[in-house]
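**Q** Here it is, the structure, as structure tokens.
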Amino acid sequence: PNCKSKLIVKTSQKRSFNDSYYMTVIDAHKGYQVVRTIMLSYTTKVGKLPEYTHSEVMQRWIAPNGKHVTFARLRQTMGTCYYDSWLFHTSLELRSENINNKYYINIYDRISTGAVYPKQKLISELKRTGYKKALYNQKPLDLFRTLLTDSRAETLIKAGYTKLLQRIMDSGWKNTDNYWTSIKICIRNGYKIKDATMWCDYIDLLRFFGKDLHNAKYVCPANLRAEHDRYVIKKAKADALLEIEKQLEKEDSYKEAKAKFFGIVIFDGLINIRVLESVAEIITEGKFMKHCVSTYHSKEDSLILSACIDGKRIETIEVSLSQLKVIQSRGKCNKCTEYHSQIINLVNENIALIEERMAA
């Protein structure tokens, strides 16, 4: 009664139930930050009390300089497509991650964070960065290593630019260089960035038009949405002829890069979400929705989907292929609709459809 959780009662013909979940414990030991991953499982039958089991399956040990190693149990790798089929009888041992191979997909980075135990133990070096308990929708390992190795992340947290930190990490921390000069201007002028995604897009537009990114007049607009939309229209006009001339060439390269994802459709009975299958479709989507997705077809790491209800466009979704998660979803004029959370949850719940195509 005290946890204030809501129970959802479901009627089913099933008589037995089982499932597994992950949780994360953030710990510290002998000067190392340790991220511990626990798998929790339950089995129950109608008329019987549930039986619960748990096992610690992985530990990520992070040194104060940001370097890390992984201890984990062995996984079942033959006869199954699941990368987290753990062999619970094996020991937690040091595992190779092939971090120097840019084509290697690190399996241990794919494990879900799940619920995070609220009591966290932190090393002093991490405390000094301003980190409290919020993970900003990042995996603990990624956030902690960034904070320990790049003082700019510490600056963003201490200056209160946490939404901007999340946005840049979602798009890849290496992109920080694209915005850092302008961020310093914002901090110096006490400018609050309420919509980090829109501000980053706006800075990209200013750069395209050769504007001075050291000038507060440009990087700290009084009305961000109005200035952003004005430059989107300006950019659309500047690109119109070029898009038409190069469309066939871009269609070929786009289809070569994204054809494996064509045909993916997600439907929950109300919202229909599908992958946009041509440059022309993406350009049309951007023009109709009056946002800057028209230029996103050249993003190698992005997959663009459109959410509709009864054939009417509702929001446009950008999915990161490297992180397999939604990094933004926008309605007309970059506004969020009443279906915003439902759309994001629907895509994230069906992200396996995209992952399967990547592995094919």
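Ordered as shown in the structure tokens, chains take letters A, B, and onward, while each chain numbers its residues from 1 and ligands are numbered from 1 in the order shown.
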Please identify all polymer residues within 12 Å of Asn350 (chain A), counting only C-alpha atoms, omitting same-chain residues fewer than 6 positions from it, and present them as a PDB file with C-alpha atoms, in the first residue's frame.

**A**
```
ATOM      1  CA  ILE A 264       8.466  -2.403 -41.150  1.00  0.00           C
ATOM      2  CA  VAL A 265       5.045  -1.455 -39.820  1.00  0.00           C
ATOM      3  CA  ILE A 266       4.018  -1.080 -36.176  1.00  0.00           C
ATOM      4  CA  PHE A 267       0.311  -0.927 -35.351  1.00  0.00           C
ATOM      5  CA  ASP A 268      -1.465  -0.958 -31.995  1.00  0.00           C
ATOM      6  CA  ILE A 273       3.922   3.647 -37.709  1.00  0.00           C
ATOM      7  CA  ARG A 274       5.980   2.819 -40.783  1.00  0.00           C
ATOM      8  CA  VAL A 319      15.479   6.197 -34.306  1.00  0.00           C
ATOM      9  CA  LEU A 324      18.321   1.221 -30.984  1.00  0.00           C
ATOM     10  CA  LYS A 325      16.109   3.790 -29.329  1.00  0.00           C
ATOM     11  CA  VAL A 326      13.963   6.784 -30.228  1.00  0.00           C
ATOM     12  CA  ILE A 343       4.209   6.735 -30.031  1.00  0.00           C
ATOM     13  CA  ILE A 344       7.652   6.611 -28.370  1.00  0.00           C
ATOM     14  CA  GLU A 356      16.209  -8.194 -36.612  1.00  0.00           C
TER      15      GLU A 356
END
```

**Q** Can you tell me, as number ranges by chain, what residues are no more than 8 Å from region 219-226 of chain A when counting only C-alpha atoms, ignoring any on the same chain fewer than 3 positions away?

**A** A: 182, 185-186, 191, 198-199, 203, 213-216, 229-230

**Q** Among region 65-202 of chain A, which ones does DSSP assign to strand (DSSP E) (computed from the backbone)? Answer as a list in words.

**A** His68, Val69, Thr70, Phe71, Ala72, Glu93, Leu94, Arg95, Ala115 and Val116 of chain A

**Q** For region 122-128 of chain A, list every protein, DNA or RNA residue within 7 Å, evaluated using only C-alpha atoms, and leave out those in the same chain fewer than 5 positions away; present the list as a list of chain:residue names.

**A**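 Within the cut-off, the hits are A:Asp27, A:Ala28, A:Gly31, A:Tyr32, A:Gln33, A:Pro64, A:Leu148.
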
**Q** Once DSSP has gone over the backbone, tell me which residues of region 4-223 of chain A are in alpha helix (DSSP H), as a PyMOL selection string.

**A** chain A and resi 124-127+140-149+151-158+162-171+180-188+196-208+216-219

**Q** What gap, in Å, lies between CA of Asp19 (chain A) and CA of Asn348 (chain A)?

**A**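 If I compute the distance from CA of Asp19 (chain A) to CA of Asn348 (chain A), I get 18.4 Å.
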